[in-house]
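Shown here: protein.cif, mmCIF, C-alpha atoms and all ligand atoms.
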data_query
loop_
_atom_site.group_PDB
_atom_site.id
_atom_site.type_symbol
_atom_site.label_atom_id
_atom_site.label_comp_id
_atom_site.auth_asym_id
_atom_site.auth_seq_id
_atom_site.Cartn_x
_atom_site.Cartn_y
_atom_site.Cartn_z
ATOM 1 C CA MET A 17 62.575 4.128 24.950
ATOM 2 C CA THR A 18 64.766 3.217 27.919
ATOM 3 C CA LEU A 19 64.057 4.154 31.502
ATOM 4 C CA ASP A 20 66.828 6.748 31.425
ATOM 5 C CA GLU A 21 65.341 8.372 28.344
ATOM 6 C CA ILE A 22 61.960 8.603 30.033
ATOM 7 C CA LYS A 23 63.546 10.212 33.083
ATOM 8 C CA GLN A 24 65.364 12.703 30.866
ATOM 9 C CA ALA A 25 62.178 13.551 28.988
ATOM 10 C CA GLN A 26 60.339 14.144 32.245
ATOM 11 C CA ALA A 27 63.140 16.334 33.599
ATOM 12 C CA ALA A 28 63.542 18.281 30.349
ATOM 13 C CA PRO A 29 61.928 21.703 29.739
ATOM 14 C CA THR A 30 58.446 21.852 28.230
ATOM 15 C CA GLN A 31 59.569 22.196 24.589
ATOM 16 C CA GLU A 32 61.555 18.953 24.562
ATOM 17 C CA LYS A 33 58.790 17.154 26.421
ATOM 18 C CA ALA A 34 56.356 18.024 23.627
ATOM 19 C CA THR A 35 58.638 16.490 20.972
ATOM 20 C CA ALA A 36 58.952 13.305 22.989
ATOM 21 C CA GLN A 37 55.180 12.955 23.157
ATOM 22 C CA ALA A 38 54.852 13.489 19.403
ATOM 23 C CA LYS A 39 56.907 10.382 18.698
ATOM 24 C CA PRO A 40 54.969 7.244 17.718
ATOM 25 C CA PRO A 41 54.718 4.589 20.430
ATOM 26 C CA VAL A 42 57.657 2.313 19.619
ATOM 27 C CA GLU A 43 56.713 -0.492 22.006
ATOM 28 C CA GLN A 44 53.338 -1.146 20.395
ATOM 29 C CA THR A 45 54.693 -1.692 16.873
ATOM 30 C CA LYS A 46 57.480 -3.859 18.245
ATOM 31 C CA ALA A 47 55.333 -6.367 20.130
ATOM 32 C CA LYS A 48 53.259 -7.401 17.115
ATOM 33 C CA ALA A 49 53.720 -10.536 14.987
ATOM 34 C CA GLU A 50 56.262 -12.164 17.286
ATOM 35 C CA LYS A 51 54.256 -15.267 18.127
ATOM 36 C CA GLN A 52 52.531 -17.484 15.616
ATOM 37 C CA THR A 53 48.829 -17.502 16.399
ATOM 38 C CA ASN A 54 47.350 -18.703 13.121
ATOM 39 C CA CYS A 55 47.374 -22.208 11.694
ATOM 40 C CA LEU A 56 49.584 -22.550 8.626
ATOM 41 C CA GLY A 57 47.198 -25.077 7.116
ATOM 42 C CA CYS A 58 43.841 -23.292 7.311
ATOM 43 C CA ASN A 59 44.976 -19.840 8.564
ATOM 44 C CA LYS A 60 42.550 -19.898 11.495
ATOM 45 C CA THR A 61 43.476 -18.725 14.966
ATOM 46 C CA ILE A 62 44.821 -21.654 16.948
ATOM 47 C CA MET A 63 43.272 -22.366 20.327
ATOM 48 C CA LYS A 64 45.714 -23.449 23.005
ATOM 49 C CA LEU A 65 43.832 -26.694 23.562
ATOM 50 C CA GLN A 66 43.760 -27.903 19.995
ATOM 51 C CA ARG A 67 47.147 -26.849 18.688
ATOM 52 C CA TYR A 68 49.367 -29.346 16.944
ATOM 53 C CA TYR A 69 53.109 -28.700 17.088
ATOM 54 C CA ARG A 70 55.332 -29.831 14.250
ATOM 55 C CA ASP A 71 58.806 -28.725 13.061
ATOM 56 C CA GLY A 72 58.736 -25.507 15.090
ATOM 57 C CA LYS A 73 55.334 -24.387 13.774
ATOM 58 C CA PHE A 74 51.822 -24.635 15.168
ATOM 59 C CA TYR A 75 48.770 -26.061 13.423
ATOM 60 C CA CYS A 76 45.288 -26.706 14.762
ATOM 61 C CA SER A 77 45.394 -30.386 13.838
ATOM 62 C CA LYS A 78 47.428 -33.061 12.112
ATOM 63 C CA THR A 79 45.198 -32.615 9.073
ATOM 64 C CA CYS A 80 46.193 -28.966 8.782
ATOM 65 C CA TRP A 81 49.845 -29.875 9.179
ATOM 66 C CA ARG A 82 49.589 -32.379 6.327
ATOM 67 C CA LYS A 83 47.724 -29.805 4.265
ATOM 68 C CA TYR A 84 50.521 -27.294 4.808
ATOM 69 C CA ILE A 85 53.245 -29.847 3.963
ATOM 70 C CA THR A 86 51.500 -30.861 0.747
ATOM 71 C CA LYS A 87 50.962 -27.219 -0.169
ATOM 72 C CA SER A 88 54.584 -26.204 0.418
ATOM 73 C CA LYS A 89 55.812 -29.181 -1.585
ATOM 74 C CA GLU A 90 53.622 -28.191 -4.499
ATOM 75 C CA GLU A 91 54.968 -24.648 -4.384
ATOM 76 C CA LYS A 92 58.543 -25.888 -4.657
ATOM 77 C CA LYS A 93 57.885 -27.661 -7.925
HETATM 78 ZN ZN ZN B 1 44.245 -25.415 10.785
#
Starting from the file, lay out its structure as C-alpha cells.
Ligand SMILES: [Zn+2]
Amino acid sequence: MTLDEIKQAQAAPTQEKATAQAKPPVEQTKAKAEKQTNCLGCNKTIMKLQRYYRDGKFYCSKTCWRKYITKSKEEKK
C-alpha cells in the first residue's frame, strides 16, 4: 500500500475504510525470506560472528561450506 492509498482510505467514507482493513497485511508477507539466515550445510541459523561467506551464500563454517559443495555435486550426478 502506498502513502497515497493510505491517505485515500483514511479520507474515504466508512464503508470503503472497512474493506481496506479487511485486506491482509501485504508488507508482512513481503518482508519474509529475503535474507539467507540459515547455513546451507547444516541448516542451522547463522550467527553474525561465525558466518563463512562463499560464492554469494553464507555458511557457519568452512566445514559446512564443503559439506554443501559435496552434497550439491552428488545431487547433480
Ligand atoms: Zn553450518
Compute the set of protein, DNA and RNA residues whose minimum atom distance to ligand ZN 1 (chain B) is at most 9 Å, using all atoms listed in the file, and state it as number ranges by chain.
A: 54-62, 67-68, 74-81, 83-84
Atomic distance atom CA of A:Lys73 - atom CA of A:Lys51, expressed in Å with one decimal
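Answer for the atom CA of A:Lys73 to atom CA of A:Lys51 separation: 10.2 Å.
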Point-to-point distance from atom CA of A:Glu90 to atom CA of A:Gln66, Å rounded to tenths:
26.4 Å
Around all the atoms of stretch 78-85 of chain A listed in the file, with 8 Å of room on each side, what axis-aligned box do you get, giving centre and edge lengths in Å to one decimal, as AutoDock Vina command-line options?
--center_x 49.2 --center_y -30.2 --center_z 8.0 --size_x 24.0 --size_y 21.8 --size_z 24.1
In Å, with one decimal, what is the gap from atom CA of A:Gly72 to atom CA of A:Gln52?
10.2 Å
